[in-house]
Amino acid sequence: MSRNLYITSIESRSGKSAITLGVMNLLVKDNPNIAFFRPIIKDFTPDKPDNDIELIRGHFHLTIPYEQCYALTVSQARRLVAENKQDVLLDIIISKFKQLESTYDFVLCEGSDFESATAAFEFDINALIAENLGTPILIVYNTHNRNSDRIIAALEMAIGSFEEKGIRVLGTVLNRTNAQRNQELETLFRNSDKLRNLFYAFLPDSEILHRPTVFEALKALDASVLHGENALERQTTGYIIAAMQIHHFLPQLFPDAIVITPGDRADILLGCIVAQLSEAMPDIAGILLTGGFMPENMILDMIRGLKFPLPVILTEFNTYQAALRLDNIHAAISLRTPQKITIAQALFERHVDASALKKQITLSRSSRVTPKMFEFALLEKARILQKHIVLPEGEEERILKAADILHKRGIVRITLLGNQEKIHDSAKRIGISLDGIAVIEPEKSPYLDAFAYEYYELRKHKGISQQFARDIMTDVNFFGTMMIYKGMADGMVSGSVHTTAETIRPALQFIKTRPGVSIVSSVFFMCLEDRVLVYGDCAVNPNPTAKELAEIAISSADTAVAFGIEARVAMLSYSTGTSGKGDEVEKVREATKLAREMRPDLLIEGPIQYDAAIDPEVARTKMPNSPVAGKATVFIFPDLNTGNNTYKAVQRSANAVAIGPVLQGLNKPVNDLSRGALVADIVNTVAITAIQAGK
């Protein structure tokens with residue numbers, strides 16, 4: 001069963017909270033361990049929290065703290081987007097969501113309220129969030145005053161937009177429908193390619209759900225209560241502006257009206273009180289005094305001495321402004337409106353097929369993995385492991401910024417190598433604190449002599465002298481690698497200002513390869529829009545032999561599994577199956593045979609062309625019975641030329657995020673950065689190194 005659901009609308013005032021109530025009621029019947037989460041909420045004050053969070057928490061007696069039920073306010077979200085910090089926005093939301101997902105059995109999400117300047121902004125933000133949380137979507141749509149064709153067109157457009165982003169749309173609930181039109185809508189649903197296979201339900205209109213309460217008027221007008229504080233939950237049916245004489249005004253009264261009048265109109269105020277006492281006149285919901293005019297003391301004493309609960313409230317707004325604000329009140333379902341809660345739940349239970357909806361939720365498990373989801377998972381895994389990673393290029397600004405992020409977010413423990421004075425000066429210049437981050441200058445380290453002796457013992461058979469050993473141990477990459485060898489660190493990341501050879505040479509000399517592995521190779525994690533693929537080897541071995549290629553395939557498969565990717569290995573060539581001949585095809589064929597013999601537990605196919613490996617349609621033609629063709633996740637290239645060019649082509653043309661190269665095959669993890677690596681690349685590579693150290 002899916003562990004989450006995202007309820008969203010495609011415009012404002014859709015009735016989303018009523019549907020959320022119904023879905024939550026459906027879910028808690030089977031499992032009370034459910035969390036409620038709103039990624040983005042309206043700006044709030046301590047005395048005016050988000051209504052829907054308070055409604056769901058209070059009505060269902062959820063113990064989850066208010067602060068855990070949302071990630072950002074709409075102002076914070078808009079500011080991050082305006083500053084081009086969309087990644088930060090997603091990081092905050094995903095982090096809060098994953099914390100809930102790790103604690104609760106199900107997380108019900110509710111989208112934003114479409115009350116910002118542009119509906120397009122909120123639609124895109126909700127789609128982006130659902131995409132990166134991996135949640136299926138249930139769309140709520142308000143059909144009031146819309147014809148059937150417009151309803152269908154709006155839903156088809158919205159669903160098309162969601163599906164283009166790879167988001168699974170579970171179905172839709174149409175609000176404020178009527179029985180006369182439902183049959184027509186059902187026919188249109190059945191005739192629509194986009195809608196016919198979706199879950200859908202029609203909820204009839206209920207006038208009571210759209211009536212604001214006197215309390216909502218009070219809040220909308222920043223008003224104060226003069227009398228009737230215990231009757232503020234009374235629902236209203238409209239308002240009357242009392243600007244005429246009393247004998248003209250009284251005939252205008254209707255049940256549950258709010259009477260709007262300036263605070264100095266004692267005649268209207270007294271007339272309303274008398275009318276409320278008379279059985280010949282309708283009961284009103286309340287009196288709104290405008291202009292900030294407080295009634296005279298004698299009238300005020302009379303109001304406060306009333307023995308019946310008639311709300312009288314006072315606002316600073318004038319009569320015209322107050323009427324406009326009342327017109328724009330969006331009547332909400334809240335803890336203060338128990339009657340509305342009961343009606344909303346009854347409508348949902350009566351008109352929504354609970355078993356069909358549950359079935360859709362059960363079938364809606366998503367295998368989609370976006371780049372942001374994968375990156376977040378990396379950081380979370382590394383945070384749990386709490387490994388110690390050494391960064392030899394401590395004087396480099398990008399390394400310092402990455403170290404700062406890693407330390408502040410508690411992902412790994414960090415040691416920086418380099419000239420201490422330069423490191424501290426650089427950190428101060430870019431505004432970074434090194435508190436909690438170790439800094440070692442190899443030439444001045446008390447470990448230098450012991451490291452030099454260890455290196456001499458390991459390499460003296462190569463004819464090196466003790467002085468040479470001491471000199472080479474002042475090199476930051478050799479010093480960092482020796483820290484790993486001696487168990488003083490769990491892994492190392494270098495390469496932002498050093499070549500690949502300078503980074504991995506020390507590891508090859510004395511960390512060496514794992515038992516049974518004769519070759520160090522590399523993979524890239526290729527984060528596409530909807531999945532993560534593994535490409536190997538695209539960075540280290542120019543022209544591996546068949547045996548080396550088999551080892552690269554096995555190492556790459558193991559790396560994939562270590563990072564939560566099911567390994568289905570494609571041994572790539574310019575020919576699929578037995579159709580082609582040539583030395584390169586034969587090398588791949590032999591490598592496939594060897595890899596299968598070495599690891600019969602792995603799904604390995606080859607030789608196979610890239611299109612047959614990744615495209616199910618092509619696979620059905622070229623390799624119809626293969627468990628890998630069309631579903632490959634690990635792609636092994638026959639040589640460095642092919643692999644390096646392919647990963648860069650996919651990275652640029654498919655707008656993929658390429659994380660790597662990630663070195664594999666060593667006894668302890670050492671990873672090489674591109675010299676053009678961004679701070680985010682460094683953070684990801686350190687996290688990967690920590691995970692490798694924890695295998």
# chains A, B, ... in the order shown; residues from 1 in each chain; ligands from 1
call {"tool": "residues_around", "arguments": {"residues": "region 280-290 of chain A", "least_positions_apart": "2", "cutoff": "6 Å", "atoms": "only C-alpha atoms", "output": "PyMOL selection string"}}
result
chain A and resi 236+254-263+275-276+278+292+310-315+317-319
call {"tool": "select_by_dssp", "arguments": {"residues": "region 295-394 of chain A", "states": "alpha helix (DSSP H)", "output": "ChimeraX atom specification"}}
result
/A:297-304,319-327,338-351,354-363,371-385
call {"tool": "closest_residue", "arguments": {"among": "A:Ala332, A:Met492, A:Leu434, A:Ala158", "to": "Ile208 (chain A)", "atoms": "only C-alpha atoms"}}
result
A:Ala332
call {"tool": "closest_residue", "arguments": {"among": "A:Ser112, A:Thr103, A:Ser674, A:Thr135", "to": "Val74 (chain A)", "atoms": "only C-alpha atoms"}}
result
A:Ser112
call {"tool": "residues_around", "arguments": {"residues": "Gly491 (chain A)", "least_positions_apart": "4", "cutoff": "7 Å", "atoms": "only C-alpha atoms", "output": "NGL selection string"}}
result
:A and (388-390 or 484 or 668-670 or 689-690 or 693)
call {"tool": "atom_distance", "arguments": {"atom1": "CA of Glu316 (chain A)", "atom2": "CA of Asp267 (chain A)"}}
result
19.9 Å
call {"tool": "closest_atom_pairs", "arguments": {"of": "region 523-562 of chain A", "to": "region 603-607 of chain A", "cutoff": "10 Å", "atoms": "only C-alpha atoms", "output": "tab-separated table"}}
result
residue	atom	partner	partner_atom	distance
A:Ala553	CA	A:Ile604	CA	8.6
A:Ile554	CA	A:Ile604	CA	9.3
A:Ala557	CA	A:Leu603	CA	9.3
call {"tool": "closest_residue", "arguments": {"among": "A:Leu128, A:Ala562, A:Ala346, A:Ile19", "to": "Val534 (chain A)", "atoms": "only C-alpha atoms"}}
result
A:Ala562
call {"tool": "select_by_dssp", "arguments": {"residues": "region 471-607 of chain A", "states": "strand (DSSP E or B)", "output": "ChimeraX atom specification"}}
result
/A:491-494,513,521-527,532-536,568-572,603-607
call {"tool": "atom_distance", "arguments": {"atom1": "CA of Asn4 (chain A)", "atom2": "CA of Phe106 (chain A)"}}
result
5.4 Å
call {"tool": "residues_around", "arguments": {"residues": "Asp449 (chain A)", "least_positions_apart": "5", "cutoff": "12 Å", "atoms": "only C-alpha atoms", "output": "MDAnalysis selection string"}}
result
chainID A and resid 442:444 454:456 466:474 479 482
call {"tool": "write_last_selection", "arguments": {"atoms": "N, CA, C and O atoms", "output": "short mmCIF file (atom, residue, chain, number, x, y, z; two decimals), in the first residue's frame"}}
result
data_model
loop_
_atom_site.label_atom_id
_atom_site.label_comp_id
_atom_site.auth_asym_id
_atom_site.auth_seq_id
_atom_site.Cartn_x
_atom_site.Cartn_y
_atom_site.Cartn_z
N PRO A 442 49.66 18.63 7.72
CA PRO A 442 50.51 17.43 7.73
C PRO A 442 51.94 17.69 8.18
O PRO A 442 52.50 16.91 8.97
N GLU A 443 52.56 18.76 7.71
CA GLU A 443 53.98 19.01 8.02
C GLU A 443 54.20 19.24 9.51
O GLU A 443 55.30 19.01 10.02
N LYS A 444 53.16 19.72 10.22
CA LYS A 444 53.29 20.02 11.64
C LYS A 444 52.57 18.99 12.51
O LYS A 444 52.51 19.13 13.73
N GLU A 454 55.28 4.04 8.65
CA GLU A 454 54.33 3.05 8.15
C GLU A 454 54.43 2.93 6.63
O GLU A 454 54.45 1.83 6.07
N TYR A 455 54.52 4.10 5.97
CA TYR A 455 54.61 4.10 4.51
C TYR A 455 55.93 3.45 4.06
O TYR A 455 55.96 2.67 3.09
N TYR A 456 57.02 3.76 4.78
CA TYR A 456 58.32 3.17 4.44
C TYR A 456 58.26 1.65 4.55
O TYR A 456 58.72 0.93 3.65
N GLN A 466 63.71 6.31 3.82
CA GLN A 466 62.88 6.86 4.89
C GLN A 466 62.64 8.35 4.69
O GLN A 466 61.56 8.86 5.02
N GLN A 467 63.63 9.07 4.14
CA GLN A 467 63.45 10.50 3.90
C GLN A 467 62.38 10.73 2.83
O GLN A 467 61.55 11.62 2.94
N PHE A 468 62.43 9.86 1.79
CA PHE A 468 61.42 9.97 0.73
C PHE A 468 60.03 9.72 1.32
O PHE A 468 59.06 10.42 0.99
N ALA A 469 59.94 8.72 2.21
CA ALA A 469 58.66 8.41 2.83
C ALA A 469 58.14 9.60 3.64
O ALA A 469 56.95 9.92 3.62
N ARG A 470 59.09 10.27 4.35
CA ARG A 470 58.66 11.42 5.15
C ARG A 470 58.21 12.57 4.26
O ARG A 470 57.21 13.24 4.53
N ASP A 471 58.94 12.80 3.19
CA ASP A 471 58.58 13.89 2.26
C ASP A 471 57.21 13.64 1.64
O ASP A 471 56.38 14.56 1.55
N ILE A 472 56.98 12.39 1.22
CA ILE A 472 55.71 12.13 0.51
C ILE A 472 54.53 12.18 1.47
O ILE A 472 53.40 12.50 1.07
N MET A 473 54.77 11.92 2.76
CA MET A 473 53.68 11.97 3.73
C MET A 473 53.25 13.40 4.05
O MET A 473 52.22 13.61 4.70
N THR A 474 54.02 14.39 3.61
CA THR A 474 53.57 15.78 3.78
C THR A 474 52.56 16.16 2.69
O THR A 474 51.91 17.21 2.78
N PHE A 479 48.76 11.84 3.08
CA PHE A 479 48.48 11.92 4.51
C PHE A 479 47.03 11.49 4.80
O PHE A 479 46.76 10.71 5.72
N MET A 482 46.59 7.77 4.41
CA MET A 482 47.16 7.06 5.54
C MET A 482 46.24 7.14 6.77
O MET A 482 46.16 6.18 7.56
#
call {"tool": "residues_around", "arguments": {"residues": "Val107 (chain A)", "least_positions_apart": "5", "cutoff": "8 Å", "atoms": "only C-alpha atoms", "output": "ChimeraX atom specification"}}
result
/A:3-5,34-37,100-101
call {"tool": "closest_residue", "arguments": {"among": "A:Lys631, A:Arg568, A:His351, A:Arg211", "to": "Asp601 (chain A)", "atoms": "only C-alpha atoms"}}
result
A:Arg568
call {"tool": "residues_around", "arguments": {"residues": "Ser148 (chain A)", "least_positions_apart": "2", "cutoff": "9 Å", "atoms": "only C-alpha atoms", "output": "list in words"}}
result
Thr143, Arg146, Arg150, Ile151, Ile152, Ala153, Arg181, Glu184, Leu185 and Leu188 of chain A
call {"tool": "write_last_selection", "arguments": {"atoms": "N, CA, C and O atoms", "output": "PDB file, in the first residue's frame"}}
result
ATOM      1  N   THR A 143     -17.156  22.555  -8.820  1.00  0.00           N
ATOM      2  CA  THR A 143     -17.914  22.629 -10.074  1.00  0.00           C
ATOM      3  C   THR A 143     -18.961  23.740 -10.076  1.00  0.00           C
ATOM      4  O   THR A 143     -19.674  23.911 -11.067  1.00  0.00           O
ATOM      5  N   ARG A 146     -20.085  26.142 -13.161  1.00  0.00           N
ATOM      6  CA  ARG A 146     -19.281  25.757 -14.316  1.00  0.00           C
ATOM      7  C   ARG A 146     -20.038  24.708 -15.123  1.00  0.00           C
ATOM      8  O   ARG A 146     -20.647  23.811 -14.550  1.00  0.00           O
ATOM      9  N   ARG A 150     -16.446  22.567 -19.448  1.00  0.00           N
ATOM     10  CA  ARG A 150     -15.360  23.315 -18.811  1.00  0.00           C
ATOM     11  C   ARG A 150     -14.728  22.496 -17.687  1.00  0.00           C
ATOM     12  O   ARG A 150     -13.511  22.523 -17.497  1.00  0.00           O
ATOM     13  N   ILE A 151     -15.551  21.779 -16.946  1.00  0.00           N
ATOM     14  CA  ILE A 151     -15.039  20.938 -15.852  1.00  0.00           C
ATOM     15  C   ILE A 151     -14.093  19.874 -16.404  1.00  0.00           C
ATOM     16  O   ILE A 151     -12.977  19.683 -15.904  1.00  0.00           O
ATOM     17  N   ILE A 152     -14.540  19.173 -17.438  1.00  0.00           N
ATOM     18  CA  ILE A 152     -13.728  18.101 -18.031  1.00  0.00           C
ATOM     19  C   ILE A 152     -12.435  18.655 -18.603  1.00  0.00           C
ATOM     20  O   ILE A 152     -11.348  18.088 -18.411  1.00  0.00           O
ATOM     21  N   ALA A 153     -12.539  19.796 -19.316  1.00  0.00           N
ATOM     22  CA  ALA A 153     -11.338  20.393 -19.931  1.00  0.00           C
ATOM     23  C   ALA A 153     -10.314  20.782 -18.865  1.00  0.00           C
ATOM     24  O   ALA A 153      -9.106  20.548 -19.025  1.00  0.00           O
ATOM     25  N   ARG A 181     -26.814  16.987 -13.106  1.00  0.00           N
ATOM     26  CA  ARG A 181     -25.651  17.058 -13.993  1.00  0.00           C
ATOM     27  C   ARG A 181     -24.716  15.868 -13.834  1.00  0.00           C
ATOM     28  O   ARG A 181     -23.864  15.614 -14.689  1.00  0.00           O
ATOM     29  N   GLU A 184     -24.509  13.390 -16.742  1.00  0.00           N
ATOM     30  CA  GLU A 184     -23.788  13.958 -17.891  1.00  0.00           C
ATOM     31  C   GLU A 184     -22.282  13.905 -17.661  1.00  0.00           C
ATOM     32  O   GLU A 184     -21.512  13.540 -18.559  1.00  0.00           O
ATOM     33  N   LEU A 185     -21.856  14.229 -16.439  1.00  0.00           N
ATOM     34  CA  LEU A 185     -20.430  14.193 -16.118  1.00  0.00           C
ATOM     35  C   LEU A 185     -19.881  12.764 -16.177  1.00  0.00           C
ATOM     36  O   LEU A 185     -18.768  12.539 -16.665  1.00  0.00           O
ATOM     37  N   LEU A 188     -19.165  11.907 -19.705  1.00  0.00           N
ATOM     38  CA  LEU A 188     -17.961  12.595 -20.179  1.00  0.00           C
ATOM     39  C   LEU A 188     -16.694  11.954 -19.605  1.00  0.00           C
ATOM     40  O   LEU A 188     -15.669  11.864 -20.281  1.00  0.00           O
TER      41      LEU A 188
END
call {"tool": "closest_residue", "arguments": {"among": "A:Asp558, A:Glu393, A:Asp404, A:Asp583", "to": "Asp672 (chain A)", "atoms": "only C-alpha atoms"}}
result
A:Glu393
call {"tool": "residues_around", "arguments": {"residues": "region 523-533 of chain A", "least_positions_apart": "2", "cutoff": "7 Å", "atoms": "only C-alpha atoms", "output": "JSON, numbers by chain"}}
result
{"A": [166, 368, 369, 370, 371, 535, 536, 537, 538, 556, 633, 634, 656, 657, 658, 659, 660, 661, 662, 663]}
call {"tool": "write_last_selection", "arguments": {"atoms": "all heavy atoms", "output": "compact mmCIF listing (two decimals), in the first residue's frame"}}
result
# COMPACT_ATOMS: atom_id res chain seq x y z
N GLY A 166 5.50 12.96 -14.37
CA GLY A 166 5.64 11.62 -13.82
C GLY A 166 4.89 11.38 -12.54
O GLY A 166 5.14 10.41 -11.82
N ARG A 368 8.94 6.02 -8.57
CA ARG A 368 9.60 7.20 -9.12
C ARG A 368 10.63 7.74 -8.12
O ARG A 368 10.37 7.85 -6.92
CB ARG A 368 8.55 8.27 -9.42
CG ARG A 368 9.11 9.56 -9.99
CD ARG A 368 7.95 10.53 -10.25
NE ARG A 368 8.42 11.80 -10.70
CZ ARG A 368 8.75 12.06 -11.95
NH1 ARG A 368 8.63 11.11 -12.87
NH2 ARG A 368 9.18 13.25 -12.32
N VAL A 369 11.81 8.07 -8.62
CA VAL A 369 12.87 8.67 -7.80
C VAL A 369 13.41 9.88 -8.54
O VAL A 369 14.03 9.75 -9.59
CB VAL A 369 14.02 7.67 -7.52
CG1 VAL A 369 15.08 8.34 -6.66
CG2 VAL A 369 13.50 6.41 -6.85
N THR A 370 13.15 11.06 -8.01
CA THR A 370 13.67 12.28 -8.64
C THR A 370 15.09 12.53 -8.14
O THR A 370 15.51 11.98 -7.11
CB THR A 370 12.80 13.49 -8.29
OG1 THR A 370 12.93 13.76 -6.88
CG2 THR A 370 11.33 13.25 -8.62
N PRO A 371 15.85 13.37 -8.84
CA PRO A 371 17.21 13.70 -8.36
C PRO A 371 17.22 14.21 -6.93
O PRO A 371 18.07 13.84 -6.13
CB PRO A 371 17.67 14.77 -9.35
CG PRO A 371 16.93 14.46 -10.62
CD PRO A 371 15.59 13.97 -10.17
N TYR A 535 25.88 4.27 -14.29
CA TYR A 535 26.73 4.12 -15.48
C TYR A 535 28.14 3.78 -15.05
O TYR A 535 28.74 4.47 -14.22
CB TYR A 535 26.80 5.44 -16.26
CG TYR A 535 25.61 5.80 -17.11
CD1 TYR A 535 24.41 5.10 -17.04
CD2 TYR A 535 25.68 6.87 -17.99
CE1 TYR A 535 23.33 5.45 -17.83
CE2 TYR A 535 24.60 7.24 -18.79
CZ TYR A 535 23.43 6.52 -18.70
OH TYR A 535 22.35 6.88 -19.48
N GLY A 536 28.72 2.71 -15.60
CA GLY A 536 30.10 2.37 -15.29
C GLY A 536 30.79 1.76 -16.52
O GLY A 536 30.10 1.17 -17.35
N ASP A 537 32.05 1.87 -16.70
CA ASP A 537 32.96 2.76 -16.01
C ASP A 537 33.19 3.95 -16.94
O ASP A 537 33.59 3.76 -18.08
CB ASP A 537 34.26 2.00 -15.73
CG ASP A 537 35.37 2.83 -15.16
OD1 ASP A 537 35.15 4.00 -14.82
OD2 ASP A 537 36.49 2.31 -15.03
N CYS A 538 32.96 5.14 -16.45
CA CYS A 538 33.01 6.33 -17.31
C CYS A 538 34.16 7.26 -16.93
O CYS A 538 34.20 8.40 -17.42
CB CYS A 538 31.69 7.08 -17.22
SG CYS A 538 30.24 6.11 -17.64
N SER A 556 29.72 -2.57 -10.01
CA SER A 556 28.68 -1.57 -10.26
C SER A 556 27.33 -2.03 -9.75
O SER A 556 26.54 -1.24 -9.20
CB SER A 556 28.59 -1.25 -11.76
OG SER A 556 29.82 -0.76 -12.25
N THR A 633 18.97 -1.05 -15.04
CA THR A 633 19.27 0.05 -14.13
C THR A 633 20.77 0.32 -14.04
O THR A 633 21.19 1.41 -13.65
CB THR A 633 18.76 -0.26 -12.71
OG1 THR A 633 19.33 -1.51 -12.28
CG2 THR A 633 17.24 -0.36 -12.69
N VAL A 634 21.57 -0.69 -14.40
CA VAL A 634 23.04 -0.56 -14.37
C VAL A 634 23.56 -0.77 -15.78
O VAL A 634 23.34 -1.83 -16.38
CB VAL A 634 23.67 -1.60 -13.40
CG1 VAL A 634 25.19 -1.45 -13.39
CG2 VAL A 634 23.09 -1.44 -12.00
N ALA A 656 20.03 15.76 -16.93
CA ALA A 656 20.18 14.83 -15.81
C ALA A 656 21.23 15.35 -14.83
O ALA A 656 22.16 16.07 -15.22
CB ALA A 656 20.59 13.45 -16.32
N VAL A 657 21.07 14.98 -13.57
CA VAL A 657 22.09 15.28 -12.56
C VAL A 657 23.04 14.08 -12.50
O VAL A 657 22.61 12.95 -12.24
CB VAL A 657 21.44 15.52 -11.18
CG1 VAL A 657 22.52 15.73 -10.13
CG2 VAL A 657 20.51 16.72 -11.24
N ALA A 658 24.32 14.33 -12.77
CA ALA A 658 25.32 13.25 -12.73
C ALA A 658 26.12 13.36 -11.44
O ALA A 658 26.81 14.36 -11.21
CB ALA A 658 26.24 13.35 -13.94
N ILE A 659 26.00 12.36 -10.58
CA ILE A 659 26.73 12.35 -9.31
C ILE A 659 27.87 11.36 -9.43
O ILE A 659 27.67 10.16 -9.62
CB ILE A 659 25.81 11.96 -8.15
CG1 ILE A 659 24.64 12.96 -8.03
CG2 ILE A 659 26.58 11.90 -6.84
CD1 ILE A 659 23.64 12.61 -6.96
N GLY A 660 29.08 11.85 -9.30
CA GLY A 660 30.24 10.98 -9.43
C GLY A 660 31.43 11.73 -10.01
O GLY A 660 31.40 12.96 -10.15
N PRO A 661 32.50 11.01 -10.39
CA PRO A 661 32.59 9.55 -10.35
C PRO A 661 32.73 9.01 -8.93
O PRO A 661 33.34 9.63 -8.08
CB PRO A 661 33.87 9.26 -11.15
CG PRO A 661 34.70 10.50 -10.98
CD PRO A 661 33.73 11.65 -10.91
N VAL A 662 32.11 7.86 -8.72
CA VAL A 662 32.20 7.15 -7.45
C VAL A 662 33.12 5.95 -7.67
O VAL A 662 32.84 5.09 -8.50
CB VAL A 662 30.81 6.67 -6.99
CG1 VAL A 662 30.93 5.88 -5.70
CG2 VAL A 662 29.87 7.85 -6.82
N LEU A 663 34.25 5.95 -6.96
CA LEU A 663 35.21 4.86 -7.13
C LEU A 663 34.74 3.62 -6.38
O LEU A 663 34.14 3.72 -5.31
CB LEU A 663 36.58 5.29 -6.62
CG LEU A 663 37.23 6.48 -7.34
CD1 LEU A 663 38.62 6.75 -6.78
CD2 LEU A 663 37.30 6.25 -8.84
call {"tool": "atom_distance", "arguments": {"atom1": "CA of Ala546 (chain A)", "atom2": "CA of Val628 (chain A)"}}
result
20.1 Å
